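Engineer: Sharing model.cif, mmCIF, C-alpha atoms:
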```cif
data_start
loop_
_atom_site.label_atom_id
_atom_site.label_comp_id
_atom_site.auth_asym_id
_atom_site.auth_seq_id
_atom_site.Cartn_x
_atom_site.Cartn_y
_atom_site.Cartn_z
CA MET A 1 -1.62 -7.27 -15.87
CA LYS A 2 2.01 -6.28 -16.15
CA LYS A 3 5.03 -7.98 -14.63
CA VAL A 4 6.75 -6.13 -11.78
CA LEU A 5 10.26 -6.88 -10.53
CA ILE A 6 11.30 -5.57 -7.12
CA LYS A 7 15.05 -5.70 -6.62
CA ASN A 8 17.53 -5.63 -3.72
CA GLY A 9 15.11 -5.09 -0.83
CA ARG A 10 15.06 -6.74 2.58
CA VAL A 11 12.19 -9.19 2.14
CA ILE A 12 10.40 -10.12 5.39
CA ASP A 13 7.88 -12.95 5.29
CA PRO A 14 7.53 -14.66 8.70
CA VAL A 15 5.18 -17.34 7.29
CA ASN A 16 7.98 -18.69 5.09
CA GLY A 17 10.83 -17.76 7.41
CA ILE A 18 12.29 -15.21 4.96
CA ASP A 19 14.35 -12.25 6.16
CA ASP A 20 16.94 -11.62 3.49
CA ILE A 21 18.02 -9.31 0.67
CA CYS A 22 16.12 -10.70 -2.33
CA ASP A 23 14.25 -9.86 -5.51
CA ILE A 24 10.53 -10.48 -5.99
CA LEU A 25 8.91 -11.14 -9.36
CA ILE A 26 5.19 -10.43 -9.62
CA ASP A 27 3.15 -11.64 -12.57
CA ASP A 28 -0.60 -11.73 -13.13
CA SER A 29 -1.50 -10.62 -9.57
CA LYS A 30 0.59 -13.38 -7.94
CA ILE A 31 4.07 -13.73 -6.44
CA LEU A 32 5.98 -15.71 -9.07
CA LYS A 33 9.50 -15.87 -7.59
CA ILE A 34 11.51 -14.77 -4.55
CA GLU A 35 15.23 -15.25 -4.97
CA LYS A 36 18.48 -13.38 -5.42
CA ASN A 37 19.35 -11.73 -8.74
CA ILE A 38 16.20 -12.53 -10.69
CA LYS A 39 16.64 -11.91 -14.42
CA ALA A 40 13.35 -11.29 -16.19
CA GLU A 41 11.82 -9.14 -18.88
CA THR A 42 9.39 -6.85 -17.05
CA GLU A 43 7.53 -3.62 -17.71
CA GLU A 44 8.35 -2.22 -14.25
CA ILE A 45 11.49 -2.52 -12.14
CA ILE A 46 11.57 -1.08 -8.61
CA ASP A 47 14.94 -0.70 -6.90
CA ALA A 48 14.21 -1.36 -3.23
CA ALA A 49 17.83 -1.20 -1.96
CA GLY A 50 17.81 -0.16 1.71
CA LYS A 51 14.05 -0.71 1.90
CA ILE A 52 11.83 -3.23 3.68
CA ILE A 53 9.55 -5.40 1.51
CA MET A 54 6.66 -6.90 3.48
CA PRO A 55 3.21 -8.35 2.82
CA GLY A 56 0.36 -5.83 2.63
CA ILE A 57 -0.98 -4.92 6.07
CA ILE A 58 -4.21 -6.55 7.25
CA ASP A 59 -6.02 -4.05 9.47
CA MET A 60 -8.70 -5.95 11.34
CA HIS A 61 -10.33 -2.94 12.97
CA VAL A 62 -11.54 -0.20 10.61
CA HIS A 63 -14.67 1.97 10.65
CA LEU A 64 -15.48 2.84 7.06
CA ARG A 65 -18.79 4.57 7.97
CA GLU A 66 -20.53 3.56 4.75
CA PRO A 67 -23.46 3.05 4.52
CA GLY A 68 -24.93 5.72 6.77
CA ARG A 69 -22.24 8.30 7.49
CA GLU A 70 -20.60 9.04 4.16
CA ASP A 71 -19.85 12.57 5.42
CA LYS A 72 -17.17 11.01 7.69
CA GLU A 73 -15.69 8.40 5.33
CA THR A 74 -16.67 6.20 2.41
CA ILE A 75 -15.46 2.79 1.36
CA ALA A 76 -13.72 4.54 -1.57
CA SER A 77 -11.94 7.21 0.54
CA GLY A 78 -11.15 4.79 3.38
CA THR A 79 -9.55 2.22 1.09
CA ARG A 80 -7.52 4.94 -0.67
CA ALA A 81 -6.25 6.10 2.74
CA ALA A 82 -5.46 2.47 3.58
CA LEU A 83 -3.23 2.03 0.52
CA LYS A 84 -1.26 5.14 1.46
CA GLY A 85 -0.57 3.52 4.85
CA GLY A 86 0.44 0.16 3.37
CA VAL A 87 -2.89 -1.50 4.24
CA THR A 88 -4.19 -3.76 1.46
CA THR A 89 -6.81 -5.70 3.44
CA LEU A 90 -9.34 -4.27 5.90
CA LEU A 91 -12.03 -5.66 8.18
CA ALA A 92 -14.95 -3.21 8.13
CA MET A 93 -16.54 -2.88 11.55
CA PRO A 94 -20.32 -3.16 11.83
CA ASN A 95 -21.45 0.20 13.25
CA THR A 96 -22.99 1.27 9.96
CA GLN A 97 -26.58 2.22 9.14
CA PRO A 98 -27.98 -0.30 8.39
CA ALA A 99 -25.78 -2.65 10.40
CA PRO A 100 -24.58 -5.91 8.81
CA ASP A 101 -26.90 -8.00 10.99
CA CYS A 102 -28.61 -9.96 8.20
CA PRO A 103 -27.75 -11.20 4.69
CA GLU A 104 -29.76 -8.39 3.05
CA ASN A 105 -27.73 -5.65 4.76
CA ILE A 106 -24.48 -7.50 4.10
CA LYS A 107 -25.38 -7.55 0.41
CA ILE A 108 -25.88 -3.75 0.47
CA ILE A 109 -22.35 -3.30 1.87
CA ASN A 110 -20.85 -5.90 -0.44
CA ASP A 111 -22.32 -4.14 -3.47
CA ILE A 112 -20.65 -0.87 -2.44
CA ILE A 113 -17.36 -2.72 -1.87
CA GLN A 114 -17.53 -4.31 -5.34
CA LYS A 115 -18.15 -0.95 -6.98
CA THR A 116 -15.89 1.43 -5.05
CA ALA A 117 -13.23 -0.29 -2.91
CA VAL A 118 -9.63 -0.01 -4.11
CA ALA A 119 -8.34 -2.48 -1.49
CA ASN A 120 -9.59 -5.77 -0.10
CA VAL A 121 -12.52 -5.27 2.30
CA PHE A 122 -13.91 -8.04 4.50
CA ILE A 123 -17.08 -7.49 6.52
CA CYS A 124 -17.49 -7.95 10.25
CA GLY A 125 -21.10 -8.86 11.08
CA THR A 126 -22.88 -7.87 14.27
CA ILE A 127 -23.14 -10.01 17.40
CA THR A 128 -26.64 -8.67 18.10
CA LYS A 129 -29.38 -7.28 15.90
CA ALA A 130 -28.77 -3.58 15.14
CA ARG A 131 -25.99 -3.78 17.79
CA LYS A 132 -28.65 -3.22 20.46
CA GLY A 133 -27.53 -6.07 22.72
CA GLU A 134 -31.03 -7.59 22.84
CA GLU A 135 -31.00 -10.53 20.42
CA VAL A 136 -28.22 -12.55 18.75
CA SER A 137 -28.04 -11.83 15.02
CA GLY A 138 -28.14 -15.44 13.89
CA VAL A 139 -24.53 -16.31 13.24
CA GLU A 140 -25.09 -19.09 10.71
CA ARG A 141 -26.88 -16.76 8.27
CA LEU A 142 -24.14 -14.14 8.69
CA LYS A 143 -21.47 -16.75 7.99
CA GLN A 144 -23.32 -17.90 4.87
CA ALA A 145 -23.54 -14.26 3.75
CA GLY A 146 -19.74 -14.09 3.94
CA VAL A 147 -18.76 -12.26 7.15
CA SER A 148 -15.25 -12.91 8.47
CA ALA A 149 -15.97 -12.21 12.16
CA ILE A 150 -18.71 -10.85 14.43
CA SER A 151 -18.58 -7.88 16.80
CA ASP A 152 -20.78 -5.17 18.30
CA ASP A 153 -17.75 -2.87 18.31
CA GLY A 154 -18.52 0.49 19.82
CA ALA A 155 -20.69 -1.37 22.30
CA SER A 156 -20.20 -4.33 24.60
CA VAL A 157 -22.81 -7.07 24.95
CA ASP A 158 -24.02 -6.57 28.52
CA LEU A 159 -26.09 -9.72 28.98
CA ASP A 160 -23.93 -12.71 29.92
CA THR A 161 -26.47 -15.20 28.53
CA LEU A 162 -26.58 -13.38 25.18
CA MET A 163 -22.78 -13.18 24.87
CA LEU A 164 -22.48 -16.88 25.77
CA GLU A 165 -25.07 -17.79 23.12
CA ALA A 166 -23.21 -15.68 20.51
CA LEU A 167 -19.90 -17.36 21.40
CA ARG A 168 -21.49 -20.82 21.07
CA GLN A 169 -23.00 -19.96 17.68
CA ALA A 170 -19.68 -18.49 16.55
CA LYS A 171 -17.86 -21.69 17.56
CA THR A 172 -20.34 -23.83 15.59
CA ASN A 173 -19.77 -21.63 12.55
CA ASN A 174 -16.00 -21.31 13.03
CA LEU A 175 -16.04 -17.52 13.42
CA VAL A 176 -14.09 -15.36 15.83
CA VAL A 177 -15.96 -13.00 18.15
CA ILE A 178 -14.32 -9.57 18.43
CA SER A 179 -15.15 -7.98 21.75
CA HIS A 180 -15.32 -4.29 22.62
CA CYS A 181 -14.82 -4.64 26.37
CA GLU A 182 -16.57 -1.86 28.23
CA ASP A 183 -18.92 -1.95 31.18
CA LYS A 184 -21.02 1.16 30.51
CA ILE A 185 -22.16 1.33 34.15
CA LEU A 186 -18.51 1.68 35.21
CA SER A 187 -17.37 3.97 32.36
CA ALA A 188 -20.55 6.04 32.87
CA LYS A 189 -20.22 9.41 31.17
CA GLY A 190 -16.43 9.58 31.38
CA VAL A 191 -14.31 11.08 28.61
CA VAL A 192 -10.67 10.57 29.72
CA ASN A 193 -8.71 8.12 31.88
CA LEU A 194 -9.69 8.25 35.55
CA GLY A 195 -6.75 9.54 37.57
CA LEU A 196 -4.57 12.55 38.18
CA ILE A 197 -5.15 13.98 34.69
CA SER A 198 -8.94 13.75 34.93
CA THR A 199 -8.69 15.57 38.26
CA ARG A 200 -6.37 18.24 36.82
CA THR A 201 -8.52 18.87 33.74
CA GLY A 202 -11.85 18.60 35.51
CA LEU A 203 -12.93 16.08 32.84
CA ARG A 204 -14.92 13.02 33.90
CA GLY A 205 -12.84 9.86 34.20
CA ILE A 206 -13.19 6.36 32.75
CA SER A 207 -11.68 3.71 35.01
CA GLY A 208 -9.47 0.91 33.76
CA GLU A 209 -11.88 -1.34 35.65
CA SER A 210 -14.62 -0.62 33.09
CA GLU A 211 -12.40 -2.36 30.51
CA TYR A 212 -10.65 -5.14 32.39
CA LYS A 213 -13.70 -6.40 34.29
CA ARG A 214 -15.43 -6.93 30.95
CA VAL A 215 -12.29 -8.55 29.50
CA LEU A 216 -12.36 -11.01 32.41
CA ARG A 217 -16.05 -11.77 31.92
CA ASP A 218 -15.70 -12.32 28.17
CA VAL A 219 -12.66 -14.55 28.65
CA GLN A 220 -14.62 -16.67 31.16
CA LEU A 221 -17.58 -16.93 28.77
CA ALA A 222 -15.26 -17.88 25.89
CA GLU A 223 -13.77 -20.63 28.07
CA LYS A 224 -17.27 -21.90 28.85
CA ALA A 225 -18.21 -21.94 25.15
CA ASP A 226 -14.77 -23.21 24.07
CA ALA A 227 -14.95 -20.43 21.47
CA ARG A 228 -12.45 -18.10 19.82
CA LEU A 229 -12.43 -14.58 21.28
CA HIS A 230 -10.44 -11.57 20.10
CA ILE A 231 -10.18 -8.60 22.47
CA ALA A 232 -10.23 -5.27 20.61
CA HIS A 233 -8.25 -2.10 21.42
CA VAL A 234 -6.62 -3.18 24.71
CA SER A 235 -5.57 -0.09 26.67
CA CYS A 236 -4.68 -1.06 30.24
CA ARG A 237 -2.27 -3.19 32.22
CA GLU A 238 -4.88 -5.33 34.00
CA SER A 239 -6.44 -6.37 30.67
CA VAL A 240 -3.01 -7.50 29.48
CA GLU A 241 -2.56 -9.58 32.64
CA ILE A 242 -5.95 -11.29 32.20
CA ILE A 243 -5.18 -12.07 28.54
CA ALA A 244 -1.73 -13.46 29.47
CA GLN A 245 -3.33 -15.77 32.08
CA ALA A 246 -5.96 -16.94 29.57
CA LYS A 247 -3.27 -17.78 27.02
CA LYS A 248 -1.30 -19.71 29.67
CA LYS A 249 -4.42 -21.79 30.26
CA GLY A 250 -4.54 -22.55 26.54
CA LEU A 251 -7.77 -20.66 25.86
CA LYS A 252 -8.47 -19.48 22.30
CA ILE A 253 -7.92 -15.83 23.14
CA THR A 254 -6.18 -13.25 20.94
CA ALA A 255 -5.90 -9.50 21.39
CA GLU A 256 -4.95 -6.25 19.70
CA THR A 257 -3.96 -2.74 20.61
CA ALA A 258 -3.79 0.41 18.51
CA PRO A 259 -0.79 2.69 17.92
CA HIS A 260 -2.25 5.62 19.89
CA TYR A 261 -2.31 3.44 23.02
CA PHE A 262 1.42 2.71 22.95
CA ALA A 263 2.58 6.03 21.45
CA LEU A 264 0.60 8.43 23.66
CA ASP A 265 -0.52 8.56 27.27
CA GLU A 266 -3.17 10.44 29.24
CA GLU A 267 -0.99 13.57 29.51
CA ALA A 268 -1.82 14.25 25.84
CA VAL A 269 -5.31 15.37 26.93
CA LEU A 270 -3.89 18.26 28.95
CA SER A 271 -4.05 20.21 25.67
CA TYR A 272 -7.84 19.61 25.55
CA ASP A 273 -7.25 18.55 21.93
CA THR A 274 -10.30 16.46 21.03
CA ASN A 275 -8.13 14.39 18.67
CA MET A 276 -6.84 12.85 21.90
CA LYS A 277 -10.35 11.64 22.80
CA MET A 278 -11.00 8.00 22.04
CA ASN A 279 -12.70 5.02 23.67
CA PRO A 280 -11.07 3.40 25.57
CA PRO A 281 -9.16 6.54 26.57
CA LEU A 282 -5.41 7.14 26.58
CA ARG A 283 -4.16 5.59 29.82
CA GLY A 284 -1.28 6.11 32.25
CA LYS A 285 2.43 5.64 31.62
CA ASP A 286 2.49 2.25 33.36
CA ASP A 287 -0.29 1.04 31.05
CA VAL A 288 1.70 2.19 28.01
CA ALA A 289 4.79 0.33 29.28
CA SER A 290 2.66 -2.77 29.85
CA LEU A 291 1.27 -2.66 26.27
CA LYS A 292 4.78 -2.40 24.82
CA LYS A 293 5.96 -5.35 26.90
CA ALA A 294 2.86 -7.35 25.83
CA LEU A 295 3.58 -6.64 22.16
CA LYS A 296 7.14 -7.85 22.68
CA ASP A 297 6.25 -11.06 24.54
CA GLY A 298 3.31 -11.93 22.26
CA THR A 299 0.46 -11.42 24.74
CA LEU A 300 -0.87 -8.87 22.25
CA ASP A 301 -1.04 -10.54 18.84
CA VAL A 302 -2.12 -7.70 16.58
CA ILE A 303 -1.68 -3.99 15.91
CA ALA A 304 -4.81 -2.48 14.35
CA SER A 305 -5.72 1.14 13.70
CA ASP A 306 -9.29 1.35 15.11
CA HIS A 307 -9.65 3.96 12.33
CA ALA A 308 -12.64 6.04 13.49
CA PRO A 309 -13.22 9.06 11.23
CA HIS A 310 -15.30 12.05 12.44
CA THR A 311 -16.15 15.35 10.78
CA GLU A 312 -14.56 18.65 11.85
CA ASN A 313 -17.77 19.84 13.50
CA GLU A 314 -17.95 16.66 15.61
CA LYS A 315 -14.44 17.27 16.92
CA ALA A 316 -14.10 21.09 16.95
CA ILE A 317 -16.32 21.45 20.03
CA GLU A 318 -15.89 21.12 23.82
CA PHE A 319 -13.98 18.02 24.90
CA GLU A 320 -16.98 16.51 26.73
CA ARG A 321 -19.25 16.84 23.71
CA ALA A 322 -16.78 15.78 21.00
CA GLU A 323 -17.06 12.33 19.45
CA PHE A 324 -14.77 9.52 20.61
CA GLY A 325 -12.29 8.22 18.04
CA VAL A 326 -9.32 8.95 15.81
CA ILE A 327 -8.18 8.03 12.31
CA GLY A 328 -5.17 5.77 11.89
CA LEU A 329 -4.96 3.95 8.55
CA GLU A 330 -2.29 6.27 7.15
CA THR A 331 -0.13 6.45 10.28
CA GLU A 332 -0.33 3.05 11.99
CA LEU A 333 2.74 1.56 10.32
CA ALA A 334 4.90 4.68 10.71
CA VAL A 335 3.90 5.17 14.36
CA SER A 336 4.73 1.52 15.05
CA ILE A 337 8.10 1.76 13.29
CA THR A 338 8.89 4.95 15.24
CA GLU A 339 7.74 3.70 18.65
CA LEU A 340 8.54 -0.01 18.49
CA VAL A 341 11.24 -0.77 15.90
CA HIS A 342 13.49 2.29 16.25
CA THR A 343 13.34 1.91 20.05
CA GLY A 344 14.30 -1.78 19.90
CA ILE A 345 11.06 -3.11 21.42
CA LEU A 346 10.23 -5.18 18.32
CA ASN A 347 12.42 -6.32 15.45
CA TRP A 348 11.12 -6.12 11.88
CA PRO A 349 9.86 -9.73 11.60
CA GLN A 350 7.95 -9.30 14.88
CA LEU A 351 6.33 -6.08 13.66
CA VAL A 352 5.40 -7.63 10.32
CA GLU A 353 3.81 -10.57 12.17
CA LYS A 354 1.54 -8.23 14.20
CA PHE A 355 0.37 -6.48 11.05
CA THR A 356 0.01 -9.43 8.65
CA VAL A 357 0.45 -13.04 9.77
CA ASN A 358 -1.54 -12.86 13.01
CA PRO A 359 -4.61 -10.98 11.73
CA ALA A 360 -4.75 -13.35 8.72
CA LYS A 361 -4.69 -16.35 11.07
CA ILE A 362 -7.33 -14.92 13.40
CA LEU A 363 -9.70 -14.06 10.56
CA GLY A 364 -8.92 -17.23 8.63
CA ILE A 365 -8.08 -15.40 5.42
CA ASN A 366 -5.53 -16.39 2.83
CA LYS A 367 -3.36 -13.27 3.06
CA GLY A 368 -0.34 -11.95 4.94
CA THR A 369 2.41 -13.85 3.14
CA LEU A 370 4.76 -13.40 0.19
CA GLY A 371 4.83 -17.13 -0.57
CA ILE A 372 5.11 -18.28 -4.19
CA GLY A 373 1.65 -18.25 -5.76
CA SER A 374 0.13 -16.01 -3.08
CA ASP A 375 -1.72 -12.76 -3.87
CA ALA A 376 0.74 -10.01 -4.74
CA ASP A 377 -0.18 -7.59 -1.93
CA VAL A 378 3.19 -6.02 -1.18
CA VAL A 379 4.42 -2.94 0.65
CA ILE A 380 7.82 -1.30 0.19
CA VAL A 381 8.85 0.83 3.16
CA ASP A 382 11.75 3.20 3.73
CA PRO A 383 12.43 2.40 7.40
CA ASP A 384 14.36 5.61 8.16
CA LYS A 385 12.62 8.24 6.07
CA GLU A 386 11.04 10.97 8.18
CA TRP A 387 7.77 12.72 7.39
CA ILE A 388 5.40 15.07 9.18
CA VAL A 389 1.72 14.18 9.60
CA GLU A 390 -0.22 17.07 8.06
CA LYS A 391 -3.94 17.47 7.42
CA GLN A 392 -3.51 18.34 3.78
CA GLY A 393 -1.51 15.16 3.16
CA LEU A 394 -4.17 12.81 4.52
CA TYR A 395 -6.34 10.85 2.07
CA SER A 396 -8.99 10.04 4.66
CA LYS A 397 -12.16 12.13 4.36
CA SER A 398 -11.83 13.03 8.05
CA LYS A 399 -8.66 14.51 9.53
CA ASN A 400 -9.00 13.64 13.24
CA SER A 401 -5.51 12.21 13.76
CA PRO A 402 -3.84 12.38 17.18
CA PHE A 403 -0.48 12.57 15.38
CA LEU A 404 -1.00 15.83 13.44
CA GLY A 405 2.21 17.85 13.45
CA ARG A 406 4.27 14.89 14.59
CA THR A 407 7.41 13.72 12.80
CA LEU A 408 7.35 9.97 12.17
CA LYS A 409 10.07 7.64 10.95
CA GLY A 410 9.20 5.05 8.33
CA CYS A 411 7.47 5.86 5.07
CA VAL A 412 5.46 3.70 2.68
CA GLU A 413 7.02 4.22 -0.76
CA TYR A 414 4.98 1.72 -2.77
CA THR A 415 1.82 -0.26 -2.15
CA ILE A 416 1.11 -3.07 -4.59
CA TYR A 417 -2.37 -4.57 -4.48
CA ASN A 418 -3.25 -7.64 -6.52
CA GLY A 419 -0.07 -7.20 -8.55
CA THR A 420 -0.74 -3.57 -9.47
CA ILE A 421 1.13 -0.53 -8.09
CA VAL A 422 -1.75 1.38 -6.48
CA TYR A 423 0.21 3.87 -4.37
CA LYS A 424 3.57 5.46 -4.99
CA GLN A 425 5.15 8.04 -2.70
#
```
Show me the file's structure as structure tokens.

Structural biologist:
Amino acid sequence: MKKVLIKNGRVIDPVNGIDDICDILIDDSKILKIEKNIKAETEEIIDAAGKIIMPGIIDMHVHLREPGREDKETIASGTRAALKGGVTTLLAMPNTQPAPDCPENIKIINDIIQKTAVANVFICGTITKARKGEEVSGVERLKQAGVSAISDDGASVDLDTLMLEALRQAKTNNLVVISHCEDKILSAKGVVNLGLISTRTGLRGISGESEYKRVLRDVQLAEKADARLHIAHVSCRESVEIIAQAKKKGLKITAETAPHYFALDEEAVLSYDTNMKMNPPLRGKDDVASLKKALKDGTLDVIASDHAPHTENEKAIEFERAEFGVIGLETELAVSITELVHTGILNWPQLVEKFTVNPAKILGINKGTLGIGSDADVVIVDPDKEWIVEKQGLYSKSKNSPFLGRTLKGCVEYTIYNGTIVYKQ
């Protein structure tokens, strides 16, 4: 393991209250020193003048597709894509085949991670067996097998009694429940946001109600169970309002949104580009404004990619028939810098918090800081460098990005994982 010295960068570490021009010395996979003008004999010196140095991103919402759909993504390709985007730690969502609903299946996934992952991968277990919403998976066994959270992401747990039982088991085992909030009866067979755009395009609409009514129910159940609940991919204003109220009451509620929800709105689907089709759908302009405000005031704790890779033939078909979901590991930081930092909505420490400190806290993992002795997962970013999102430049196995052709500001120049430079621009 070689020593690496990073010099003259703006180091941002909210956990330790650091936002200053400093040097960082990395030795043997750990942060050894953070101070000005470090003098040390090292094999590698990186001049980070004019750059941001931050902890590696923790993306707590990633679909790696393996096992089961290796044609879309693998743990190897997904973690490579992650490093390019500055993501050093990922939470793998449980819609795999088989699903991580028992220790045996978790072992299968863990074995693949050990052999092929080039970044840190934590596993999210299922709330219900095979994600069918019929029987709780048995949270204690999942916890013992090493899961960091439970979710049926991609599906909501419809039965109140089942969700309450899962929340109670999660509380006993000190795990967070990550909820995909969607009432399927209300969202029905919709494909875009219900409103003027769905009328104009003739595409079936998904109401905001299908999300926020389920957010309200899950918040109420979490209050009853006194459990920790994390709301995934928040897309609409009413959900934000419910989450804000819950936090005021002191409930253990946290929430995330994804870059496509604050960078794009429903008008993007006028092109009938299936890379604009995701679940929940892109919402109205007032929803987008509400998400930005909620990121600023802390109602939304986390930015996560909801990286959902699909093959060309699953996307290059009619809008109604195309799969829901977009990739985001390689663009989430740049989109957030472009849309939130350069517009003055968030400052750098606030952005870093959403990507590192808060997800680490929610998942209870020892990451997201540049403190002395902590794991040397470090990202060096040029905050002003522009680049164009192009298919051929993407490391992900699938190319279904809603930002193709778009110029973004903010470029990852180096990703250091476990003390080793694993990506260099």

Engineer: If you count only C-alpha atoms, which residues fall within 12 Å of A:Thr415, apart from same-chain ones fewer than 4 positions away, as a PyMOL selection string?

Structural biologist: chain A and resi 6+46+52-57+80-89+118-119+376-381+411+419-425

Engineer: So that I can see what lies close to A:Ser156, please list as a ChimeraX atom specification the residues with an atom at most 8 Å from it, counting only C-alpha atoms and leaving out residues fewer than 3 positions away in the same chain.

Structural biologist: /A:133,152-153,179-183

Engineer: Determine the residue membership of the PyMOL selection byres ((chain A and resi 272) around 10) for the file above and supply it as a PyMOL selection string.

Structural biologist: chain A and resi 201+203+267-271+273-277+318-320

Engineer: Evaluated on this file, the PyMOL selection byres ((chain A and resi 370) around 9) picks out some residues - which ones are they, written as a ChimeraX atom specification?

Structural biologist: /A:11-13,15-16,24,31,34,54-55,367-369,371-378

Engineer: Could you turn the residues from that selection into a file that holds C-alpha atoms, as a short mmCIF file (atom, residue, chain, number, x, y, z; two decimals), keeping the file's coordinate frame?

Structural biologist:
```
data_model
loop_
_atom_site.label_atom_id
_atom_site.label_comp_id
_atom_site.auth_asym_id
_atom_site.auth_seq_id
_atom_site.Cartn_x
_atom_site.Cartn_y
_atom_site.Cartn_z
CA VAL A 11 12.19 -9.19 2.14
CA ILE A 12 10.40 -10.12 5.39
CA ASP A 13 7.88 -12.95 5.29
CA VAL A 15 5.18 -17.34 7.29
CA ASN A 16 7.98 -18.69 5.09
CA ILE A 24 10.53 -10.48 -5.99
CA ILE A 31 4.07 -13.73 -6.44
CA ILE A 34 11.51 -14.77 -4.55
CA MET A 54 6.66 -6.90 3.48
CA PRO A 55 3.21 -8.35 2.82
CA LYS A 367 -3.36 -13.27 3.06
CA GLY A 368 -0.34 -11.95 4.94
CA THR A 369 2.41 -13.85 3.14
CA GLY A 371 4.83 -17.13 -0.57
CA ILE A 372 5.11 -18.28 -4.19
CA GLY A 373 1.65 -18.25 -5.76
CA SER A 374 0.13 -16.01 -3.08
CA ASP A 375 -1.72 -12.76 -3.87
CA ALA A 376 0.74 -10.01 -4.74
CA ASP A 377 -0.18 -7.59 -1.93
CA VAL A 378 3.19 -6.02 -1.18
#
```

Engineer: Near A:Val341, counting all atoms listed in the file, which residues have an atom at most 10 Å away, once you skip same-chain residues fewer than 5 positions from it, shown as a PyMOL selection string?

Structural biologist: chain A and resi 334-336+346-348+350-351+383+409-410

Engineer: Exactly which residues make up the result of the PyMOL selection byres ((chain A and resi 186) around 12) on this file, given as an MDAnalysis selection string?

Structural biologist: chainID A and resid 158 181:185 187:190 194 204:214

Engineer: What is the distance, in Å and to one decimal place, between atom CA of A:Thr257 and atom CA of A:Val234?

Structural biologist: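 Atom CA of A:Thr257 sits 4.9 Å away from atom CA of A:Val234.
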
Engineer: For A:Leu264, which residue among A:Arg217, A:Lys285, A:Arg228, A:Arg65 is the nearest when counting only C-alpha atoms?

Structural biologist: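 Of A:Arg217, A:Lys285, A:Arg228, A:Arg65, the one nearest A:Leu264, counting only C-alpha atoms, is A:Lys285.
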